[in-house]
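**Q** Just structure_32.cif, nothing more (mmCIF, C-alpha atoms):
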```cif
data_final
#
loop_
_atom_site.label_atom_id
_atom_site.label_comp_id
_atom_site.auth_asym_id
_atom_site.auth_seq_id
_atom_site.Cartn_x
_atom_site.Cartn_y
_atom_site.Cartn_z
CA MET I 1 0.00 0.00 0.00
CA SER I 2 1.27 3.44 -0.78
CA THR I 3 -1.71 5.66 -0.06
CA PRO I 4 -0.58 9.30 0.10
CA SER I 5 -0.36 10.38 3.74
CA SER I 6 -2.71 13.34 3.34
CA LEU I 7 -5.33 10.98 1.97
CA GLU I 8 -4.78 8.55 4.82
CA SER I 9 -5.21 11.40 7.31
CA LEU I 10 -8.46 12.40 5.61
CA VAL I 11 -9.81 8.83 5.78
CA GLU I 12 -8.89 8.70 9.46
CA ALA I 13 -10.41 12.12 10.16
CA LEU I 14 -13.71 11.23 8.46
CA ARG I 15 -14.20 8.48 11.02
CA CYS I 16 -15.13 11.09 13.64
CA LEU I 17 -18.52 11.24 11.88
CA PRO I 18 -21.11 9.07 13.59
CA GLY I 19 -21.89 5.87 11.69
CA VAL I 20 -18.81 6.13 9.45
CA GLY I 21 -16.48 3.11 9.56
CA PRO I 22 -13.17 2.53 7.77
CA LYS I 23 -14.75 1.39 4.49
CA SER I 24 -17.17 4.29 4.12
CA ALA I 25 -14.52 6.77 5.25
CA GLN I 26 -12.29 5.54 2.44
CA ARG I 27 -15.13 5.73 -0.06
CA MET I 28 -15.95 9.27 1.08
CA ALA I 29 -12.35 10.48 0.91
CA TYR I 30 -11.80 9.10 -2.58
CA ALA I 31 -15.13 10.41 -3.84
CA LEU I 32 -14.38 13.90 -2.52
CA MET I 33 -10.90 14.00 -4.04
CA GLN I 34 -12.12 12.63 -7.36
CA HIS I 35 -15.55 14.17 -7.90
CA ASP I 36 -16.24 16.98 -5.47
CA ARG I 37 -13.31 19.16 -4.49
CA THR I 38 -15.59 22.18 -4.29
CA GLY I 39 -17.80 20.33 -1.84
CA ALA I 40 -14.78 19.27 0.20
CA LEU I 41 -13.57 22.86 0.43
CA ARG I 42 -17.03 24.06 1.43
CA LEU I 43 -17.18 21.33 4.07
CA ALA I 44 -13.81 22.35 5.52
CA ASP I 45 -14.93 25.99 5.67
CA SER I 46 -18.32 25.12 7.19
CA LEU I 47 -16.67 23.01 9.88
CA ARG I 48 -14.39 25.88 10.83
CA GLY I 49 -17.26 28.37 10.63
CA ALA I 50 -19.50 26.30 12.89
CA LEU I 51 -16.69 25.58 15.35
CA ALA I 52 -16.00 29.27 15.67
CA ALA I 53 -19.63 30.39 15.91
CA ILE I 54 -21.64 27.68 17.66
CA ARG I 55 -22.04 27.71 21.43
CA HIS I 56 -24.76 26.84 23.91
CA CYS I 57 -27.54 29.22 24.87
CA GLY I 58 -26.90 30.42 28.41
CA ARG I 59 -30.48 29.67 29.32
CA CYS I 60 -31.92 26.73 27.38
CA ASN I 61 -28.62 25.10 26.39
CA THR I 62 -29.46 24.74 22.70
CA PHE I 63 -26.97 25.54 19.93
CA THR I 64 -26.82 29.24 19.16
CA GLU I 65 -24.47 31.86 17.80
CA ILE I 66 -25.53 34.46 20.36
CA GLU I 67 -25.45 34.66 24.17
CA LEU I 68 -29.16 33.99 24.57
CA CYS I 69 -31.02 32.20 21.76
CA GLU I 70 -33.89 33.98 19.98
CA ARG I 71 -36.46 31.83 21.68
CA CYS I 72 -35.22 32.47 25.21
CA ALA I 73 -34.90 36.19 24.45
CA SER I 74 -38.44 36.46 23.08
CA PRO I 75 -40.97 38.20 25.37
CA LYS I 76 -43.79 36.38 23.56
CA ARG I 77 -43.01 32.97 25.03
CA ASP I 78 -44.79 31.75 28.14
CA ALA I 79 -42.04 31.62 30.80
CA SER I 80 -44.16 29.59 33.21
CA LEU I 81 -43.84 26.51 30.99
CA LEU I 82 -40.53 24.67 30.63
CA CYS I 83 -40.26 21.79 28.18
CA VAL I 84 -37.29 19.42 28.58
CA VAL I 85 -36.04 17.76 25.38
CA GLU I 86 -33.01 15.63 24.58
CA THR I 87 -31.63 17.49 21.55
CA PRO I 88 -31.98 20.74 19.56
CA VAL I 89 -33.56 18.65 16.78
CA ASP I 90 -36.29 17.52 19.18
CA MET I 91 -36.85 21.15 20.12
CA ASN I 92 -37.29 22.05 16.45
CA MET I 93 -39.79 19.19 16.09
CA MET I 94 -41.80 20.58 19.00
CA GLU I 95 -41.71 24.07 17.49
CA GLN I 96 -43.02 22.77 14.19
CA THR I 97 -46.20 21.59 15.92
CA HIS I 98 -47.09 25.20 16.84
CA ALA I 99 -48.77 23.60 19.86
CA TYR I 100 -46.38 24.99 22.44
CA SER I 101 -45.39 28.53 23.27
CA GLY I 102 -43.36 28.04 26.46
CA LEU I 103 -39.63 27.84 26.90
CA TYR I 104 -37.21 24.91 26.64
CA TYR I 105 -34.34 23.18 28.30
CA VAL I 106 -32.17 21.02 26.05
CA LEU I 107 -30.39 18.18 27.85
CA MET I 108 -27.98 17.59 24.96
CA GLY I 109 -28.21 13.89 25.70
CA ARG I 110 -29.98 11.40 27.89
CA VAL I 111 -29.19 9.40 31.00
CA SER I 112 -27.27 6.39 29.74
CA PRO I 113 -25.33 4.51 32.43
CA LEU I 114 -23.75 2.19 29.84
CA ASP I 115 -22.16 5.15 28.08
CA GLY I 116 -21.21 6.77 31.38
CA VAL I 117 -23.73 9.57 30.96
CA GLY I 118 -25.29 10.49 34.30
CA SER I 119 -26.74 13.60 35.89
CA ARG I 120 -23.34 15.28 36.10
CA GLU I 121 -22.64 14.93 32.37
CA LEU I 122 -26.07 16.34 31.56
CA GLN I 123 -25.54 19.35 33.86
CA LEU I 124 -28.91 18.72 35.48
CA GLU I 125 -28.18 21.25 38.23
CA ARG I 126 -28.73 23.96 35.62
CA LEU I 127 -32.16 22.52 34.85
CA LEU I 128 -32.90 22.26 38.56
CA ALA I 129 -31.96 25.90 39.13
CA ARG I 130 -34.18 26.87 36.24
CA ALA I 131 -37.13 24.88 37.61
CA SER I 132 -36.71 26.56 41.00
CA ASP I 133 -36.56 30.15 39.78
CA GLY I 134 -40.11 30.93 40.89
CA ILE I 135 -41.26 31.73 37.36
CA VAL I 136 -41.59 28.20 36.01
CA GLU I 137 -44.86 26.56 37.08
CA GLU I 138 -44.79 23.39 35.00
CA VAL I 139 -41.96 21.26 33.66
CA ILE I 140 -43.04 19.16 30.67
CA ILE I 141 -40.72 16.24 30.07
CA ALA I 142 -40.50 15.48 26.34
CA THR I 143 -37.60 13.04 26.17
CA ASN I 144 -37.92 10.15 23.70
CA PHE I 145 -40.02 7.09 24.47
CA THR I 146 -36.97 4.86 24.15
CA ASN I 147 -35.57 2.99 27.14
CA GLU I 148 -32.98 5.67 27.78
CA GLY I 149 -35.43 8.50 27.20
CA GLU I 150 -37.90 6.91 29.63
CA ALA I 151 -35.16 6.40 32.23
CA THR I 152 -34.20 10.04 31.85
CA ALA I 153 -37.83 11.12 32.24
CA HIS I 154 -38.16 9.02 35.38
CA TYR I 155 -34.94 10.40 36.81
CA LEU I 156 -35.99 13.99 36.10
CA SER I 157 -39.45 13.53 37.58
CA GLU I 158 -37.92 12.13 40.79
CA MET I 159 -35.46 14.97 40.93
CA LEU I 160 -38.09 17.66 40.36
CA LYS I 161 -40.68 16.15 42.72
CA THR I 162 -39.31 18.05 45.71
CA ARG I 163 -39.63 21.41 43.95
CA SER I 164 -42.86 23.32 43.93
CA VAL I 165 -43.52 22.80 40.23
CA ARG I 166 -45.94 20.59 38.38
CA VAL I 167 -44.07 17.90 36.43
CA SER I 168 -45.75 16.34 33.39
CA ARG I 169 -44.85 14.00 30.55
CA ILE I 170 -46.06 14.30 26.95
CA ALA I 171 -48.68 11.67 26.13
CA ARG I 172 -48.02 8.19 24.81
CA GLY I 173 -50.60 6.56 22.58
CA VAL I 174 -51.78 5.66 19.12
CA PRO I 175 -50.33 8.12 16.55
CA VAL I 176 -52.71 10.44 14.74
CA GLY I 177 -53.87 8.61 11.60
CA GLY I 178 -52.80 5.33 13.16
CA GLU I 179 -54.81 2.15 12.67
CA LEU I 180 -54.99 -0.20 15.65
CA GLU I 181 -54.22 -3.13 13.36
CA TYR I 182 -50.76 -1.73 12.64
CA VAL I 183 -49.87 -0.30 16.05
CA ASP I 184 -47.49 -2.35 18.20
CA SER I 185 -49.07 -3.92 21.25
CA GLY I 186 -46.91 -1.97 23.72
CA THR I 187 -48.21 1.32 22.35
CA LEU I 188 -51.76 -0.02 22.33
CA ALA I 189 -51.47 -1.22 25.92
CA GLN I 190 -50.28 2.24 26.97
CA ALA I 191 -53.03 3.95 25.02
CA PHE I 192 -55.51 1.71 26.84
CA ARG I 193 -54.05 2.34 30.29
CA GLU I 194 -53.85 6.07 29.71
CA ARG I 195 -57.33 6.43 28.21
CA ARG I 196 -59.14 9.74 28.77
CA THR I 197 -62.73 10.40 29.68
CA PHE I 198 -64.62 12.36 27.03
CA ALA I 199 -65.12 15.94 28.11
CA GLU I 200 -68.75 16.37 29.13
CA MET B 1 -37.13 26.78 13.32
CA SER B 2 -34.24 28.94 14.37
CA THR B 3 -31.20 26.80 13.63
CA PRO B 4 -28.03 28.95 13.71
CA SER B 5 -26.92 29.68 10.14
CA SER B 6 -23.41 28.28 10.60
CA LEU B 7 -24.95 25.00 11.74
CA GLU B 8 -27.31 24.99 8.77
CA SER B 9 -24.35 25.55 6.43
CA LEU B 10 -22.52 22.65 8.03
CA VAL B 11 -25.50 20.32 7.60
CA GLU B 12 -25.75 21.38 3.97
CA ALA B 13 -22.00 20.97 3.40
CA LEU B 14 -21.93 17.46 4.91
CA ARG B 15 -24.31 16.34 2.18
CA CYS B 16 -21.43 16.39 -0.30
CA LEU B 17 -20.36 13.09 1.29
CA PRO B 18 -21.59 10.06 -0.66
CA GLY B 19 -24.49 8.28 1.04
CA VAL B 20 -25.26 11.15 3.40
CA GLY B 21 -28.81 12.48 3.21
CA PRO B 22 -30.43 15.37 5.11
CA LYS B 23 -31.19 13.34 8.26
CA SER B 24 -27.71 11.87 8.69
CA ALA B 25 -26.09 15.19 7.81
CA GLN B 26 -28.05 16.79 10.63
CA ARG B 27 -27.12 14.00 13.01
CA MET B 28 -23.44 14.33 12.05
CA ALA B 29 -23.37 18.10 12.45
CA TYR B 30 -25.02 18.02 15.87
CA ALA B 31 -22.80 15.17 17.06
CA LEU B 32 -19.65 16.99 15.97
CA MET B 33 -20.66 20.25 17.65
CA GLN B 34 -21.75 18.50 20.82
CA HIS B 35 -19.31 15.66 21.30
CA ASP B 36 -16.29 15.95 19.02
CA ARG B 37 -15.06 19.44 18.29
CA THR B 38 -11.48 18.17 18.16
CA GLY B 39 -12.49 15.64 15.53
CA ALA B 40 -14.32 18.33 13.57
CA LEU B 41 -11.25 20.56 13.57
CA ARG B 42 -9.03 17.66 12.50
CA LEU B 43 -11.48 16.88 9.71
CA ALA B 44 -11.44 20.48 8.47
CA ASP B 45 -7.64 20.47 8.47
CA SER B 46 -7.39 17.08 6.77
CA LEU B 47 -9.78 18.17 4.05
CA ARG B 48 -7.69 21.26 3.36
CA GLY B 49 -4.48 19.23 3.57
CA ALA B 50 -5.68 16.61 1.12
CA LEU B 51 -7.10 19.22 -1.25
CA ALA B 52 -3.76 21.00 -1.35
CA ALA B 53 -1.61 17.88 -1.68
CA ILE B 54 -3.53 15.26 -3.65
CA ARG B 55 -3.23 15.07 -7.43
CA HIS B 56 -3.16 12.40 -10.09
CA CYS B 57 -0.01 10.50 -11.03
CA GLY B 58 1.11 11.65 -14.47
CA ARG B 59 1.49 8.07 -15.56
CA CYS B 60 -0.97 5.72 -13.84
CA ASN B 61 -3.55 8.34 -12.84
CA THR B 62 -3.82 7.22 -9.20
CA PHE B 63 -3.91 9.65 -6.29
CA THR B 64 -0.46 10.86 -5.30
CA GLU B 65 1.27 13.78 -3.68
CA ILE B 66 4.18 13.71 -6.12
CA GLU B 67 4.51 14.07 -9.90
CA LEU B 68 4.99 10.35 -10.50
CA CYS B 69 3.71 7.88 -7.89
CA GLU B 70 6.19 5.57 -6.12
CA ARG B 71 4.98 2.57 -8.03
CA CYS B 72 5.38 4.14 -11.47
CA ALA B 73 8.80 5.50 -10.49
CA SER B 74 10.06 2.14 -9.24
CA PRO B 75 12.55 0.38 -11.54
CA LYS B 76 11.59 -2.95 -9.95
CA ARG B 77 8.18 -3.15 -11.58
CA ASP B 78 7.69 -5.05 -14.84
CA ALA B 79 6.86 -2.32 -17.37
CA SER B 80 5.67 -4.81 -19.98
CA LEU B 81 2.54 -5.53 -17.94
CA LEU B 82 -0.21 -2.94 -17.55
CA CYS B 83 -3.15 -3.65 -15.27
CA VAL B 84 -6.27 -1.51 -15.69
CA VAL B 85 -8.37 -0.98 -12.56
CA GLU B 86 -11.34 1.24 -11.75
CA THR B 87 -10.10 2.94 -8.57
CA PRO B 88 -7.01 3.45 -6.40
CA VAL B 89 -8.66 1.17 -3.81
CA ASP B 90 -8.81 -1.62 -6.39
CA MET B 91 -5.13 -1.03 -7.12
CA ASN B 92 -4.32 -1.40 -3.42
CA MET B 93 -6.32 -4.63 -3.32
CA MET B 94 -4.26 -5.98 -6.24
CA GLU B 95 -1.03 -4.94 -4.52
CA GLN B 96 -2.03 -6.76 -1.35
CA THR B 97 -2.15 -10.04 -3.27
CA HIS B 98 1.61 -9.77 -4.00
CA ALA B 99 0.72 -11.68 -7.19
CA TYR B 100 1.47 -8.85 -9.59
CA SER B 101 4.57 -6.82 -10.18
CA GLY B 102 3.65 -4.87 -13.29
CA LEU B 103 2.36 -1.33 -13.62
CA TYR B 104 -1.16 0.08 -13.43
CA TYR B 105 -3.58 2.41 -15.07
CA VAL B 106 -6.38 3.70 -12.87
CA LEU B 107 -9.54 4.67 -14.76
CA MET B 108 -10.96 6.63 -11.82
CA GLY B 109 -14.37 5.37 -12.78
CA ARG B 110 -16.13 3.05 -15.19
CA VAL B 111 -18.12 3.40 -18.39
CA SER B 112 -21.63 4.26 -17.25
CA PRO B 113 -23.88 5.71 -19.96
CA LEU B 114 -26.69 6.40 -17.48
CA ASP B 115 -24.40 8.67 -15.46
CA GLY B 116 -22.99 10.24 -18.63
CA VAL B 117 -19.58 8.65 -18.13
CA GLY B 118 -18.09 7.60 -21.47
CA SER B 119 -14.62 7.22 -22.92
CA ARG B 120 -14.02 10.97 -22.90
CA GLU B 121 -14.74 11.35 -19.18
CA LEU B 122 -12.42 8.44 -18.40
CA GLN B 123 -9.60 9.96 -20.51
CA LEU B 124 -9.14 6.65 -22.29
CA GLU B 125 -6.81 8.24 -24.85
CA ARG B 126 -4.17 8.37 -22.11
CA LEU B 127 -4.56 4.63 -21.56
CA LEU B 128 -4.44 4.06 -25.32
CA ALA B 129 -1.22 6.06 -25.65
CA ARG B 130 0.23 4.07 -22.78
CA ALA B 131 -0.72 0.74 -24.39
CA SER B 132 0.89 1.82 -27.65
CA ASP B 133 4.21 2.96 -26.22
CA GLY B 134 6.08 -0.14 -27.43
CA ILE B 135 7.01 -1.19 -23.88
CA VAL B 136 3.68 -2.62 -22.75
CA GLU B 137 3.13 -6.16 -24.04
CA GLU B 138 0.03 -7.14 -22.15
CA VAL B 139 -2.91 -5.15 -20.84
CA ILE B 140 -4.72 -6.95 -18.02
CA ILE B 141 -8.22 -5.64 -17.49
CA ALA B 142 -9.18 -5.85 -13.83
CA THR B 143 -12.38 -3.83 -13.67
CA ASN B 144 -15.14 -5.11 -11.39
CA PHE B 145 -17.40 -7.98 -12.42
CA THR B 146 -20.46 -5.75 -12.11
CA ASN B 147 -22.52 -4.81 -15.16
CA GLU B 148 -20.71 -1.50 -15.55
CA GLY B 149 -17.30 -3.04 -14.89
CA GLU B 150 -17.96 -5.74 -17.49
CA ALA B 151 -19.17 -3.14 -20.01
CA THR B 152 -15.99 -1.16 -19.38
CA ALA B 153 -13.87 -4.29 -19.86
CA HIS B 154 -15.63 -5.06 -23.13
CA TYR B 155 -15.21 -1.49 -24.33
CA LEU B 156 -11.51 -1.47 -23.46
CA SER B 157 -10.85 -4.82 -25.11
CA GLU B 158 -12.51 -3.63 -28.32
CA MET B 159 -10.50 -0.43 -28.20
CA LEU B 160 -7.19 -2.17 -27.59
CA LYS B 161 -7.77 -4.96 -30.13
CA THR B 162 -6.24 -2.93 -32.94
CA ARG B 163 -3.01 -2.32 -31.02
CA SER B 164 -0.23 -4.86 -31.00
CA VAL B 165 -0.70 -5.83 -27.36
CA ARG B 166 -2.17 -8.89 -25.72
CA VAL B 167 -5.37 -8.00 -23.88
CA SER B 168 -6.50 -10.22 -20.99
CA ARG B 169 -9.13 -10.21 -18.25
CA ILE B 170 -8.63 -11.47 -14.69
CA ALA B 171 -10.40 -14.80 -14.14
CA ARG B 172 -13.96 -15.27 -12.99
CA GLY B 173 -14.86 -18.34 -10.98
CA VAL B 174 -15.52 -19.89 -7.62
CA PRO B 175 -13.72 -17.93 -4.88
CA VAL B 176 -10.88 -19.62 -3.01
CA GLY B 177 -12.43 -21.43 -0.03
CA GLY B 178 -15.82 -21.29 -1.76
CA GLU B 179 -18.26 -24.18 -1.52
CA LEU B 180 -20.32 -24.91 -4.62
CA GLU B 181 -23.44 -25.14 -2.48
CA TYR B 182 -23.18 -21.47 -1.57
CA VAL B 183 -21.92 -20.01 -4.85
CA ASP B 184 -24.49 -18.23 -7.02
CA SER B 185 -25.39 -20.01 -10.24
CA GLY B 186 -24.05 -17.26 -12.50
CA THR B 187 -20.58 -17.61 -10.99
CA LEU B 188 -20.81 -21.38 -11.17
CA ALA B 189 -21.87 -21.27 -14.81
CA GLN B 190 -18.87 -19.05 -15.61
CA ALA B 191 -16.53 -21.30 -13.67
CA PHE B 192 -17.85 -24.22 -15.70
CA ARG B 193 -17.52 -22.47 -19.05
CA GLU B 194 -14.03 -21.20 -18.24
CA ARG B 195 -12.73 -24.49 -16.83
CA ARG B 196 -9.02 -25.19 -17.25
CA THR B 197 -7.23 -28.40 -18.25
CA PHE B 198 -4.94 -29.73 -15.54
CA ALA B 199 -1.31 -29.11 -16.42
CA GLU B 200 0.22 -32.40 -17.52
#
```
Can you give me the file's structure in the form of structure tokens?

**A**
Amino acid sequence: MSTPSSLESLVEALRCLPGVGPKSAQRMAYALMQHDRTGALRLADSLRGALAAIRHCGRCNTFTEIELCERCASPKRDASLLCVVETPVDMNMMEQTHAYSGLYYVLMGRVSPLDGVGSRELQLERLLARASDGIVEEVIIATNFTNEGEATAHYLSEMLKTRSVRVSRIARGVPVGGELEYVDSGTLAQAFRERRTFAE
Amino acid sequence: MSTPSSLESLVEALRCLPGVGPKSAQRMAYALMQHDRTGALRLADSLRGALAAIRHCGRCNTFTEIELCERCASPKRDASLLCVVETPVDMNMMEQTHAYSGLYYVLMGRVSPLDGVGSRELQLERLLARASDGIVEEVIIATNFTNEGEATAHYLSEMLKTRSVRVSRIARGVPVGGELEYVDSGTLAQAFRERRTFAE
């Protein structure tokens, strides 16, 4: 093998991307050098640009380029509601529903003992301080309904129980448009257990 | 949505990587910014390093950082043999066999009419000039045994027929260690058709 060293370094460096192993890193490096040098240059510049500009919002912890993100700085949001999500992407998903006008706290992860991610890594004391500021009345936990997301939700609810805030969890159930025939039985069981009385 | 613009640019830029769609680009960008800023910086530097250093060997067309790649410059290689491969990776695979000591020509692609890749895009005139230099005695076509690789092999053999060189194709057949029970019938049919008489 006599792969040029700069190409070898590039293959190695591409492996920092999640889900990219040695074979795909090699394929990516060769494809960039052969077919898309403009794209490669743009990627290098974007990486440097994002590294220089991106930081965490001092309040909600999401990615931002300014001290306080637009959402946290907005006077139009309802500061008595605090929604806890795992990632900035989840926050964007919530925003797209237009069903929520409160504020957020982004965990930037989830409790995952196997990966060594506990309450310290997630900086939960910041969330706790936020929940105890006297303005927040309800904390809505919107972590994923995966095992780790559920564990995180449980952990947070235990932690927040002692504070004088209402703690809620977004609802589980049959998706809108969902047919019972095609819904997994776990979801159906939950939807059954958490059934609601029709408003009278 | 209020994704910071530098993050949006990064997501967009990551899509230049083969096999990366909008969802994985987003996942990659967020993971880099959250968990691996060192890796992101190294990637940016490696991209720039490779872009500045990598070019094509003037003789065999592979990636190199010098005018003529080590292999082409080596006096130990048998210059009467010229092996044609699709990519530098394929060339490395051939080298790892230690079964070949001739020189190479790297197509950097394959004939693919659907993608608009023909003889012009592959710069086949350079290969033709090489095959007609009076030194090369045999051109061994080692493109893949895919449809496009086979079409390329056929095209090359037709093109080289008029020159006074022997043109050969690496053998198809049952892989070493292969059991007939698990070999696909196409391969088996070829192995049957291209059977060899035992040396006496």

**Q** Using only C-alpha atoms and a cut-off of 8 Å, which residues of chain B sit close to chain I? Please list them as a PyMOL selection string.

**A** chain B and resi 1-4+6-7+9-10+13-14+16-18+27-28+31-34+36-37+39-51+53-54+63-65+70+92+95-96+108

**Q** Output C-alpha atoms for every residue in the selection just made, as a CSV table (one decimal), in the frame of the given file.

**A**
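Final output, selection20.csv:
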```
chain,number,residue,atom,x,y,z
B,1,MET,CA,-37.1,26.8,13.3
B,2,SER,CA,-34.2,28.9,14.4
B,3,THR,CA,-31.2,26.8,13.6
B,4,PRO,CA,-28.0,29.0,13.7
B,6,SER,CA,-23.4,28.3,10.6
B,7,LEU,CA,-25.0,25.0,11.7
B,9,SER,CA,-24.4,25.6,6.4
B,10,LEU,CA,-22.5,22.6,8.0
B,13,ALA,CA,-22.0,21.0,3.4
B,14,LEU,CA,-21.9,17.5,4.9
B,16,CYS,CA,-21.4,16.4,-0.3
B,17,LEU,CA,-20.4,13.1,1.3
B,18,PRO,CA,-21.6,10.1,-0.7
B,27,ARG,CA,-27.1,14.0,13.0
B,28,MET,CA,-23.4,14.3,12.0
B,31,ALA,CA,-22.8,15.2,17.1
B,32,LEU,CA,-19.6,17.0,16.0
B,33,MET,CA,-20.7,20.2,17.6
B,34,GLN,CA,-21.8,18.5,20.8
B,36,ASP,CA,-16.3,16.0,19.0
B,37,ARG,CA,-15.1,19.4,18.3
B,39,GLY,CA,-12.5,15.6,15.5
B,40,ALA,CA,-14.3,18.3,13.6
B,41,LEU,CA,-11.2,20.6,13.6
B,42,ARG,CA,-9.0,17.7,12.5
B,43,LEU,CA,-11.5,16.9,9.7
B,44,ALA,CA,-11.4,20.5,8.5
B,45,ASP,CA,-7.6,20.5,8.5
B,46,SER,CA,-7.4,17.1,6.8
B,47,LEU,CA,-9.8,18.2,4.0
B,48,ARG,CA,-7.7,21.3,3.4
B,49,GLY,CA,-4.5,19.2,3.6
B,50,ALA,CA,-5.7,16.6,1.1
B,51,LEU,CA,-7.1,19.2,-1.2
B,53,ALA,CA,-1.6,17.9,-1.7
B,54,ILE,CA,-3.5,15.3,-3.6
B,63,PHE,CA,-3.9,9.6,-6.3
B,64,THR,CA,-0.5,10.9,-5.3
B,65,GLU,CA,1.3,13.8,-3.7
B,70,GLU,CA,6.2,5.6,-6.1
B,92,ASN,CA,-4.3,-1.4,-3.4
B,95,GLU,CA,-1.0,-4.9,-4.5
B,96,GLN,CA,-2.0,-6.8,-1.4
B,108,MET,CA,-11.0,6.6,-11.8
```

**Q** Convert the output of the PyMOL selection byres ((chain B and resi 59) around 9) on the shown file into explicit residues, formatted as a list in words.

**A**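 Taken over the shown coordinates, the PyMOL selection byres ((chain B and resi 59) around 9) returns His56, Cys57, Gly58, Cys60, Asn61, Thr62, Glu67, Leu68, Cys69, Cys72, Tyr104, Tyr105, Arg126 and Arg130 of chain B.
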
**Q** Choose the residue, out of I:Glu158, I:Glu150, I:Asp115, I:Glu138, that has the smallest atom-to-atom separation from I:Leu81; count only C-alpha atoms.

**A**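 Distance minimum relative to I:Leu81 lands on I:Glu138.
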
**Q** Which residues would end up in the selection if the PyMOL selection byres ((chain B and resi 132) around 12) were applied here, given that I need the answer as an NGL selection string?

**A** :B and (80 or 82 or 125-131 or 133-139 or 159-166)

**Q** Which residues fall under the PyMOL selection byres ((chain B and resi 144) around 12) in this file, as a PyMOL selection string?

**A** chain B and resi 84-87+89-91+93+107+109-111+141-143+145-154+169-172

**Q** Calculate how many Å separate atom CA of I:Val167 from atom CA of I:Gly118, rounding to one decimal.

**A**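 It comes out at 20.3 Å.
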
**Q** Just give me the gap between atom CA of I:Asp78 and atom CA of I:Tyr100 in Å, one decimal is fine.

**A**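 Taking atom CA of I:Asp78 as the start and atom CA of I:Tyr100 as the end point, the length is 9.0 Å.
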
**Q** As an exercise, work out the distance from atom CA of B:Gly21 to atom CA of I:Gly21 in Å and give it to one decimal place.

**A**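 Answer for the atom CA of B:Gly21 to atom CA of I:Gly21 separation: 16.7 Å.
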
**Q** Report, as JSON, the axis-aligned box around all atoms of stretch 191-196 of chain I present in the file, extended by 5 Å on each side; give centre and edge lengths in Å to one decimal place.

**A**
```
{"center_x": -56.1, "center_y": 5.7, "center_z": 27.7, "size_x": 16.1, "size_y": 18.0, "size_z": 15.3}
```
